[in-house]
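Pasted below: input_36.tsv, TSV, C-alpha atoms and all ligand atoms.
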chain	number	residue	atom	x	y	z
A	1	MET	CA	2.55	-15.82	-9.88
A	2	LEU	CA	1.56	-16.74	-13.35
A	3	LYS	CA	3.91	-18.75	-15.42
A	4	CYS	CA	3.43	-16.85	-18.63
A	5	ALA	CA	6.69	-16.64	-20.55
A	6	THR	CA	7.68	-20.23	-21.02
A	7	GLN	CA	8.97	-20.22	-24.52
A	8	SER	CA	10.89	-17.92	-26.80
A	9	LEU	CA	12.44	-18.80	-30.09
A	10	SER	CA	13.72	-15.33	-30.89
A	11	ILE	CA	16.31	-14.63	-28.17
A	12	LYS	CA	19.91	-15.22	-29.27
A	13	LYS	CA	22.28	-17.19	-27.09
A	14	GLY	CA	25.74	-17.70	-28.56
A	15	SER	CA	25.29	-19.05	-32.06
A	16	GLY	CA	21.89	-20.53	-31.23
A	17	TYR	CA	18.64	-19.45	-29.68
A	18	VAL	CA	17.12	-19.74	-26.25
A	19	VAL	CA	14.55	-22.44	-26.73
A	20	GLU	CA	12.73	-22.23	-23.44
A	21	LEU	CA	12.54	-19.55	-20.78
A	22	LYS	CA	11.35	-20.83	-17.44
A	23	ALA	CA	9.40	-18.30	-15.40
A	24	LYS	CA	10.53	-18.02	-11.79
A	25	THR	CA	8.16	-17.14	-8.99
A	26	PRO	CA	9.17	-14.11	-6.87
A	27	PHE	CA	10.23	-16.21	-3.88
A	28	GLU	CA	11.71	-19.15	-5.77
A	29	GLY	CA	14.70	-20.47	-3.85
A	30	THR	CA	14.02	-18.37	-0.74
A	31	LEU	CA	10.71	-19.75	0.61
A	32	PRO	CA	9.28	-21.62	2.48
A	33	LEU	CA	10.94	-20.64	5.72
A	34	THR	CA	10.07	-21.69	9.26
A	35	ILE	CA	11.72	-20.21	12.34
A	36	GLY	CA	10.31	-20.87	15.79
A	37	GLN	CA	6.55	-20.41	15.79
A	38	ALA	CA	6.34	-18.54	12.49
A	39	LYS	CA	6.17	-19.87	8.98
A	40	LEU	CA	6.58	-17.87	5.79
A	41	THR	CA	5.44	-19.28	2.45
A	42	GLU	CA	4.81	-18.02	-1.05
A	43	LEU	CA	1.21	-17.78	-2.21
A	44	ASP	CA	0.28	-18.41	-5.81
A	45	VAL	CA	-2.94	-16.42	-6.01
A	46	GLY	CA	-3.42	-16.26	-9.77
A	47	HIS	CA	-4.07	-13.00	-11.57
A	48	LEU	CA	-3.47	-9.68	-9.83
A	49	THR	CA	-5.56	-6.90	-11.35
A	50	SER	CA	-5.58	-3.29	-10.21
A	51	LEU	CA	-9.07	-1.75	-10.32
A	52	SER	CA	-9.31	2.04	-10.21
A	53	PRO	CA	-12.88	3.20	-10.70
A	54	LEU	CA	-13.21	6.40	-12.70
A	55	GLY	CA	-16.07	8.68	-11.80
A	56	ASP	CA	-18.83	6.87	-9.95
A	57	GLU	CA	-17.33	3.86	-8.19
A	58	LYS	CA	-20.79	2.32	-7.80
A	59	ALA	CA	-20.75	1.24	-11.45
A	60	MET	CA	-17.48	-0.63	-10.95
A	61	ALA	CA	-18.81	-2.12	-7.70
A	62	THR	CA	-21.95	-3.39	-9.43
A	63	ALA	CA	-19.95	-4.88	-12.30
A	64	LEU	CA	-17.54	-6.58	-9.88
A	65	GLU	CA	-20.40	-8.04	-7.87
A	66	LYS	CA	-22.10	-9.35	-10.98
A	67	ALA	CA	-18.99	-10.77	-12.67
A	68	HIS	CA	-17.00	-12.06	-9.70
A	69	GLY	CA	-19.54	-12.25	-6.87
A	70	MET	CA	-17.83	-9.90	-4.44
A	71	ALA	CA	-18.21	-6.32	-3.31
A	72	LEU	CA	-15.72	-3.56	-4.03
A	73	PRO	CA	-13.89	-3.27	-0.69
A	74	LYS	CA	-14.10	-0.14	1.43
A	75	PRO	CA	-10.83	1.34	2.79
A	76	ASN	CA	-8.97	-1.06	5.10
A	77	ARG	CA	-11.17	-4.00	4.12
A	78	SER	CA	-11.23	-6.99	1.77
A	79	THR	CA	-14.02	-9.01	0.20
A	80	GLY	CA	-14.38	-12.44	-1.41
A	81	LYS	CA	-12.53	-15.52	-0.24
A	82	GLU	CA	-9.60	-17.75	-1.07
A	83	GLY	CA	-9.25	-18.14	-4.83
A	84	ALA	CA	-11.22	-15.00	-5.65
A	85	ARG	CA	-10.53	-12.09	-3.39
A	86	CYS	CA	-10.59	-8.31	-3.65
A	87	ILE	CA	-8.53	-6.18	-1.28
A	88	TRP	CA	-8.50	-2.42	-0.80
A	89	PHE	CA	-5.20	-1.29	-2.29
A	90	GLY	CA	-4.91	2.43	-1.64
A	91	ARG	CA	-6.97	5.52	-2.35
A	92	GLY	CA	-9.42	4.83	-5.16
A	93	GLU	CA	-7.87	1.46	-5.89
A	94	ALA	CA	-8.66	-2.19	-5.23
A	95	LEU	CA	-6.78	-5.35	-6.14
A	96	LEU	CA	-8.63	-8.28	-7.65
A	97	MET	CA	-6.76	-11.48	-6.77
A	98	GLY	CA	-7.43	-14.75	-8.52
A	99	PRO	CA	-9.68	-14.67	-11.55
A	100	ALA	CA	-8.84	-12.94	-14.79
A	101	PRO	CA	-10.87	-9.70	-14.80
A	102	ASP	CA	-14.19	-9.86	-16.59
A	103	ALA	CA	-14.39	-7.58	-19.63
A	104	SER	CA	-17.43	-5.85	-18.11
A	105	LEU	CA	-15.09	-4.09	-15.64
A	106	TYR	CA	-13.15	-2.27	-18.34
A	107	LYS	CA	-15.66	0.46	-19.00
A	108	HIS	CA	-15.85	1.60	-15.39
A	109	GLY	CA	-12.25	2.52	-14.75
A	110	ALA	CA	-8.62	1.56	-15.17
A	111	VAL	CA	-8.20	-2.22	-15.11
A	112	VAL	CA	-4.53	-3.13	-15.15
A	113	ASP	CA	-2.80	-6.51	-15.03
A	114	ILE	CA	-0.09	-6.21	-12.37
A	115	SER	CA	0.41	-9.97	-11.83
A	116	ASP	CA	4.15	-9.74	-12.43
A	117	ALA	CA	4.66	-6.56	-10.39
A	118	TRP	CA	3.87	-7.83	-6.92
A	119	SER	CA	4.86	-10.77	-4.77
A	120	VAL	CA	2.50	-12.45	-2.31
A	121	ALA	CA	3.56	-14.21	0.88
A	122	LEU	CA	1.76	-15.81	3.81
A	123	LEU	CA	3.05	-15.39	7.35
A	124	GLU	CA	1.37	-17.74	9.82
A	125	GLY	CA	1.76	-19.29	13.22
A	126	PRO	CA	1.43	-18.29	16.89
A	127	ALA	CA	4.37	-15.86	16.55
A	128	ALA	CA	3.11	-14.12	13.39
A	129	ASP	CA	1.69	-11.13	15.33
A	130	ASP	CA	4.93	-10.62	17.25
A	131	VAL	CA	7.05	-10.87	14.11
A	132	LEU	CA	5.04	-8.20	12.32
A	133	ALA	CA	4.97	-5.99	15.41
A	134	ARG	CA	8.74	-5.62	14.99
A	135	LEU	CA	8.51	-4.30	11.45
A	136	VAL	CA	5.10	-2.75	10.85
A	137	PRO	CA	4.17	0.69	12.27
A	138	ALA	CA	0.43	-0.14	12.32
A	139	ASP	CA	-1.52	-1.93	15.05
A	140	LEU	CA	-2.12	-5.48	13.79
A	141	ARG	CA	-3.33	-7.01	17.04
A	142	ASP	CA	-6.38	-9.25	16.73
A	143	SER	CA	-8.52	-6.79	18.67
A	144	GLN	CA	-7.77	-3.96	16.20
A	145	PHE	CA	-7.07	-5.79	12.96
A	146	LYS	CA	-9.61	-8.52	12.38
A	147	ARG	CA	-10.01	-11.22	9.76
A	148	GLY	CA	-10.63	-9.57	6.40
A	149	HIS	CA	-9.08	-6.26	7.40
A	150	SER	CA	-6.56	-5.10	4.83
A	151	ILE	CA	-4.27	-2.08	5.00
A	152	ARG	CA	-1.58	-0.36	3.02
A	153	THR	CA	1.38	0.18	5.32
A	154	GLN	CA	5.08	-0.55	5.49
A	155	VAL	CA	7.15	-3.58	6.36
A	156	PHE	CA	10.32	-2.00	7.74
A	157	HIS	CA	11.01	0.51	4.89
A	158	MET	CA	9.00	-1.23	2.18
A	159	ALA	CA	5.59	-0.26	0.86
A	160	ALA	CA	3.32	-3.20	1.59
A	161	SER	CA	-0.24	-4.44	1.75
A	162	ILE	CA	-1.20	-6.61	4.72
A	163	THR	CA	-4.45	-8.58	5.05
A	164	ARG	CA	-5.46	-10.74	8.00
A	165	LEU	CA	-6.71	-14.07	6.66
A	166	GLY	CA	-7.21	-15.73	10.05
A	167	PRO	CA	-6.28	-15.67	13.75
A	168	GLU	CA	-2.59	-16.37	13.04
A	169	LYS	CA	-2.46	-15.74	9.32
A	170	PHE	CA	-1.35	-12.67	7.39
A	171	MET	CA	-1.11	-12.18	3.63
A	172	ILE	CA	1.69	-9.76	2.76
A	173	LEU	CA	2.24	-8.11	-0.61
A	174	VAL	CA	5.34	-6.15	-1.61
A	175	PHE	CA	6.70	-5.08	-4.98
A	176	ARG	CA	8.21	-8.04	-6.76
A	177	SER	CA	11.61	-6.32	-6.79
A	178	MET	CA	11.43	-6.25	-2.98
A	179	ALA	CA	10.70	-9.98	-2.53
A	180	GLY	CA	14.27	-10.73	-1.46
A	181	THR	CA	14.29	-7.83	0.98
A	182	LEU	CA	10.98	-8.96	2.48
A	183	VAL	CA	12.38	-12.42	3.18
A	184	HIS	CA	15.56	-10.88	4.62
A	185	ASP	CA	13.69	-8.56	6.98
A	186	LEU	CA	11.08	-11.12	8.05
A	187	LYS	CA	13.76	-13.75	8.60
A	188	ALA	CA	15.61	-11.43	10.99
A	189	ALA	CA	12.39	-10.60	12.87
A	190	MET	CA	11.34	-14.27	13.01
A	191	ALA	CA	14.74	-15.22	14.44
A	192	ALA	CA	14.60	-12.38	16.98
A	193	VAL	CA	11.14	-13.40	18.17
A	194	ALA	CA	12.15	-17.08	18.32
A	195	SER	CA	15.27	-16.26	20.36
A	196	ARG	CA	13.09	-14.87	23.13
A	197	GLY	CA	11.60	-18.36	23.57
B	1	MET	CA	3.73	11.49	16.58
B	2	ARG	CA	0.58	10.10	14.98
B	3	ILE	CA	-1.48	11.47	12.13
B	4	GLU	CA	-5.17	10.67	11.68
B	5	CYS	CA	-5.46	9.96	7.96
B	6	PRO	CA	-9.07	10.62	6.88
B	7	ILE	CA	-8.94	7.39	4.85
B	8	CYS	CA	-6.64	4.99	6.75
B	9	GLY	CA	-7.20	6.09	10.34
B	10	SER	CA	-4.60	6.86	13.02
B	11	ARG	CA	-1.12	5.98	11.77
B	12	ASP	CA	2.47	6.33	12.87
B	13	ARG	CA	4.49	9.27	11.57
B	14	ARG	CA	6.87	6.83	9.77
B	15	GLU	CA	4.23	6.20	7.10
B	16	PHE	CA	4.12	9.88	6.13
B	17	TYR	CA	6.39	12.07	4.03
B	18	TYR	CA	6.61	15.76	4.92
B	19	GLN	CA	6.44	18.09	1.94
B	20	GLY	CA	6.30	21.60	3.41
B	21	ALA	CA	3.96	24.53	3.96
B	22	ALA	CA	0.43	24.11	2.61
B	23	VAL	CA	1.00	27.34	0.67
B	24	ALA	CA	1.71	25.03	-2.27
B	25	LEU	CA	-2.07	24.63	-2.67
B	26	ASP	CA	-2.39	28.35	-3.38
B	27	ARG	CA	-0.35	28.73	-6.55
B	28	PRO	CA	-0.43	32.27	-7.98
B	29	ALA	CA	-1.74	32.91	-11.49
B	30	PRO	CA	1.01	32.87	-14.15
B	31	ASP	CA	0.70	36.67	-14.53
B	32	ALA	CA	0.47	37.42	-10.78
B	33	GLY	CA	3.75	39.26	-10.87
B	34	GLU	CA	7.22	38.88	-9.40
B	35	ALA	CA	6.32	39.68	-5.80
B	36	ALA	CA	3.59	37.01	-5.64
B	37	TRP	CA	5.82	34.40	-7.26
B	38	ASP	CA	8.82	35.30	-5.12
B	39	SER	CA	6.66	34.85	-2.05
B	40	TYR	CA	5.15	31.58	-3.29
B	41	VAL	CA	8.48	30.01	-4.19
B	42	HIS	CA	10.82	31.36	-1.52
B	43	LEU	CA	9.15	33.01	1.45
B	44	ARG	CA	7.83	30.94	4.36
B	45	GLU	CA	6.37	31.75	7.73
B	46	ASN	CA	8.13	30.20	10.70
B	47	PRO	CA	5.38	30.32	13.31
B	48	ALA	CA	5.70	29.42	16.96
B	49	GLY	CA	2.20	28.00	17.14
B	50	GLU	CA	-0.27	26.88	14.51
B	51	THR	CA	1.08	25.87	11.12
B	52	ARG	CA	-0.35	24.08	8.09
B	53	ASP	CA	1.73	21.57	6.15
B	54	LEU	CA	1.31	19.19	3.28
B	55	TRP	CA	2.06	15.57	4.13
B	56	HIS	CA	1.93	12.59	1.84
B	57	HIS	CA	0.60	9.29	3.16
B	58	GLU	CA	3.31	7.55	1.22
B	59	GLY	CA	3.34	4.35	3.29
B	60	GLY	CA	-0.46	4.15	3.31
B	61	CYS	CA	-3.30	5.14	0.98
B	62	GLY	CA	-1.21	7.59	-1.07
B	63	SER	CA	-3.29	10.68	-0.21
B	64	TRP	CA	-1.91	14.19	0.08
B	65	LEU	CA	-3.02	15.68	3.38
B	66	VAL	CA	-3.20	19.13	4.92
B	67	VAL	CA	-2.12	18.82	8.55
B	68	THR	CA	-2.83	21.68	10.96
B	69	ARG	CA	-0.52	21.38	13.94
B	70	ASP	CA	1.12	23.37	16.69
B	71	THR	CA	4.91	23.74	16.52
B	72	VAL	CA	5.08	24.60	20.24
B	73	THR	CA	2.93	21.84	21.75
B	74	HIS	CA	3.29	19.34	18.86
B	75	ALA	CA	-0.45	18.79	18.98
B	76	VAL	CA	-2.05	17.81	15.67
B	77	HIS	CA	-5.33	19.71	15.43
B	78	LYS	CA	-6.74	18.77	12.08
B	79	VAL	CA	-6.00	16.48	9.13
B	80	GLU	CA	-7.84	16.99	5.85
B	81	LEU	CA	-7.55	15.55	2.36
B	82	ALA	CA	-5.67	18.08	0.24
B	83	SER	CA	-8.20	17.49	-2.54
B	84	ASP	CA	-11.04	18.60	-0.22
B	85	VAL	CA	-9.12	21.70	0.88
B	86	LYS	CA	-8.28	22.59	-2.71
B	87	GLY	CA	-11.85	21.93	-3.80
B	88	ALA	CA	-13.17	24.30	-1.15
B	89	MET	CA	-10.74	27.02	-2.31
B	90	SER	CA	-11.98	27.16	-5.89
A	201	ZN	ZN	-3.97	7.22	4.31

Translate this file's structure into structure tokens.
Amino acid sequence: MLKCATQSLSIKKGSGYVVELKAKTPFEGTLPLTIGQAKLTELDVGHLTSLSPLGDEKAMATALEKAHGMALPKPNRSTGKEGARCIWFGRGEALLMGPAPDASLYKHGAVVDISDAWSVALLEGPAADDVLARLVPADLRDSQFKRGHSIRTQVFHMAASITRLGPEKFMILVFRSMAGTLVHDLKAAMAAVASRG
Amino acid sequence: MRIECPICGSRDRREFYYQGAAVALDRPAPDAGEAAWDSYVHLRENPAGETRDLWHHEGGCGSWLVVTRDTVTHAVHKVELASDVKGAMS
């Protein structure tokens, strides 16, 4: 997450003022976490920008390609690579992860900074598949859900986005307000998988 | 139960929210009269057989879907985007 609000001289505290506000990341104090063969860490991916093309999505796709060097992802897919990625994020929506959005995107649809609204975690390790199988109602096996595939689904009862980054690597996004719940639910599933040895 | 979302593919029923009869897509004109509005708001078929419902892919792409299914066999026969169905109606 971006550390944006670091200073405020206008907020009252007692008879004085708050001099410095330290931004906390969504998972601060709860991650990293390793149980058995699964490891959960927080990812700092930079800017998160929602792109919703209005009208012809080709214009947005062309602008994205030109400005950020990646295609607008089709449903259930992602484009780009680490540091500058774009994932499909629901009907008519994609999420640009990393760079600040180029101004050329603005005229082709809704371009919204949602950096502070979502939390991003990485679940990796040989047990990652089995951990997610306990919580996610979609088929995430390697044979069905390959590297670069990206879906909107649920983690237990939470709306989530899941992208496979590698053979034993999943990027998971949930609403920032749900970050604590995500850790809670994954921790239980990681422990359950680990207990089976 | 699985529903084949035209956008996301085959997904578990848990990802979907059930809204009700697809009659909601056929809203009467404001001046259609009491009988039409009474029917639209309150009266529903309860078929033993084929029925059409609106479902929301809440835990997925966010689309509203028209699902044609059989209440006797539980078979799901057809899943369409509500926007396509509505578009074809007008
Ligand atoms: Zn869907």

Inset, instruction - Could you please select, counting only C-alpha atoms, the residues of chain A within 7 Å of chain B and state them as a ChimeraX atom specification? - result: /A:75-76,90-91,137-138,152-154,159

Around all listed atoms of stretch 54-69 of chain B, padded 6 Å per side, what centre and edge lengths does the axis-aligned box have in Å to one decimal, as JSON?
{"center_x": 0.0, "center_y": 12.9, "center_z": 6.4, "size_x": 18.6, "size_y": 29.5, "size_z": 27.0}

Inset, instruction - Choose the residue, out of A:Gly109, A:Arg196, A:Ile151, A:Gly125, that has the smallest atom-to-atom separation from ligand ZN 201 (chain A); count only C-alpha atoms and all ligand atoms. - result: A:Ile151

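The residue set within 10 Å of B:Thr73, counting all atoms listed in the file and dropping same-chain residues fewer than 5 places from it, reads Ala48, Gly49 and Glu50 of chain B.
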
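Going from atom CA of B:Trp64 to atom CA of A:Arg85 covers 27.9 Å.
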
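Restricting the calculation to only C-alpha atoms, the smallest distance between A:Ser50 and any of A:Asp142, A:Glu168, A:Asp129, A:Asp113 is found for A:Asp113.
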
Legend entry - Option closest in space to A:Phe27, from A:Ala189, A:Ile114, A:Ala121, A:Ala133 [counting all atoms listed in the file]: A:Ala121

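Closest approach to B:Pro47 from the set B:Ser90, B:Ser83, B:Gln19, B:Thr71 is made by B:Thr71, with distances taken over all atoms listed in the file.
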
Just add N, CA and C atoms to stretch 10-26 of chain B and send it as a PDB file, in the coordinates of the input.
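Saved the output as selection-v6.pdb:
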ATOM      1  N   SER B  10      -5.766   6.381  12.275  1.00  0.00           N
ATOM      2  CA  SER B  10      -4.600   6.860  13.020  1.00  0.00           C
ATOM      3  C   SER B  10      -3.364   6.028  12.685  1.00  0.00           C
ATOM      4  N   ARG B  11      -2.323   6.703  12.187  1.00  0.00           N
ATOM      5  CA  ARG B  11      -1.120   5.980  11.770  1.00  0.00           C
ATOM      6  C   ARG B  11       0.149   6.667  12.283  1.00  0.00           C
ATOM      7  N   ASP B  12       1.179   5.856  12.395  1.00  0.00           N
ATOM      8  CA  ASP B  12       2.470   6.330  12.870  1.00  0.00           C
ATOM      9  C   ASP B  12       3.103   7.297  11.862  1.00  0.00           C
ATOM     10  N   ARG B  13       3.845   8.258  12.378  1.00  0.00           N
ATOM     11  CA  ARG B  13       4.490   9.270  11.570  1.00  0.00           C
ATOM     12  C   ARG B  13       5.409   8.676  10.474  1.00  0.00           C
ATOM     13  N   ARG B  14       5.965   7.461  10.736  1.00  0.00           N
ATOM     14  CA  ARG B  14       6.870   6.830   9.770  1.00  0.00           C
ATOM     15  C   ARG B  14       6.227   6.596   8.402  1.00  0.00           C
ATOM     16  N   GLU B  15       4.897   6.467   8.378  1.00  0.00           N
ATOM     17  CA  GLU B  15       4.230   6.200   7.100  1.00  0.00           C
ATOM     18  C   GLU B  15       4.065   7.452   6.248  1.00  0.00           C
ATOM     19  N   PHE B  16       4.402   8.625   6.825  1.00  0.00           N
ATOM     20  CA  PHE B  16       4.120   9.880   6.130  1.00  0.00           C
ATOM     21  C   PHE B  16       5.398  10.598   5.682  1.00  0.00           C
ATOM     22  N   TYR B  17       5.295  11.257   4.540  1.00  0.00           N
ATOM     23  CA  TYR B  17       6.390  12.070   4.030  1.00  0.00           C
ATOM     24  C   TYR B  17       5.993  13.539   4.154  1.00  0.00           C
ATOM     25  N   TYR B  18       6.886  14.344   4.714  1.00  0.00           N
ATOM     26  CA  TYR B  18       6.610  15.760   4.920  1.00  0.00           C
ATOM     27  C   TYR B  18       7.028  16.548   3.693  1.00  0.00           C
ATOM     28  N   GLN B  19       6.092  17.334   3.147  1.00  0.00           N
ATOM     29  CA  GLN B  19       6.440  18.090   1.940  1.00  0.00           C
ATOM     30  C   GLN B  19       6.798  19.545   2.240  1.00  0.00           C
ATOM     31  N   GLY B  20       6.015  20.200   3.107  1.00  0.00           N
ATOM     32  CA  GLY B  20       6.300  21.600   3.410  1.00  0.00           C
ATOM     33  C   GLY B  20       5.012  22.371   3.633  1.00  0.00           C
ATOM     34  N   ALA B  21       5.117  23.683   3.662  1.00  0.00           N
ATOM     35  CA  ALA B  21       3.960  24.530   3.960  1.00  0.00           C
ATOM     36  C   ALA B  21       2.839  24.313   2.947  1.00  0.00           C
ATOM     37  N   ALA B  22       1.603  24.359   3.461  1.00  0.00           N
ATOM     38  CA  ALA B  22       0.430  24.110   2.610  1.00  0.00           C
ATOM     39  C   ALA B  22       0.196  25.246   1.616  1.00  0.00           C
ATOM     40  N   VAL B  23       1.085  26.236   1.620  1.00  0.00           N
ATOM     41  CA  VAL B  23       1.000  27.340   0.670  1.00  0.00           C
ATOM     42  C   VAL B  23       1.053  26.815  -0.770  1.00  0.00           C
ATOM     43  N   ALA B  24       1.615  25.616  -0.934  1.00  0.00           N
ATOM     44  CA  ALA B  24       1.710  25.030  -2.270  1.00  0.00           C
ATOM     45  C   ALA B  24       0.345  24.834  -2.923  1.00  0.00           C
ATOM     46  N   LEU B  25      -0.714  24.795  -2.101  1.00  0.00           N
ATOM     47  CA  LEU B  25      -2.070  24.630  -2.670  1.00  0.00           C
ATOM     48  C   LEU B  25      -2.586  25.927  -3.277  1.00  0.00           C
ATOM     49  N   ASP B  26      -1.903  27.035  -2.976  1.00  0.00           N
ATOM     50  CA  ASP B  26      -2.390  28.350  -3.380  1.00  0.00           C
ATOM     51  C   ASP B  26      -1.438  28.980  -4.403  1.00  0.00           C
TER      52      ASP B  26
END
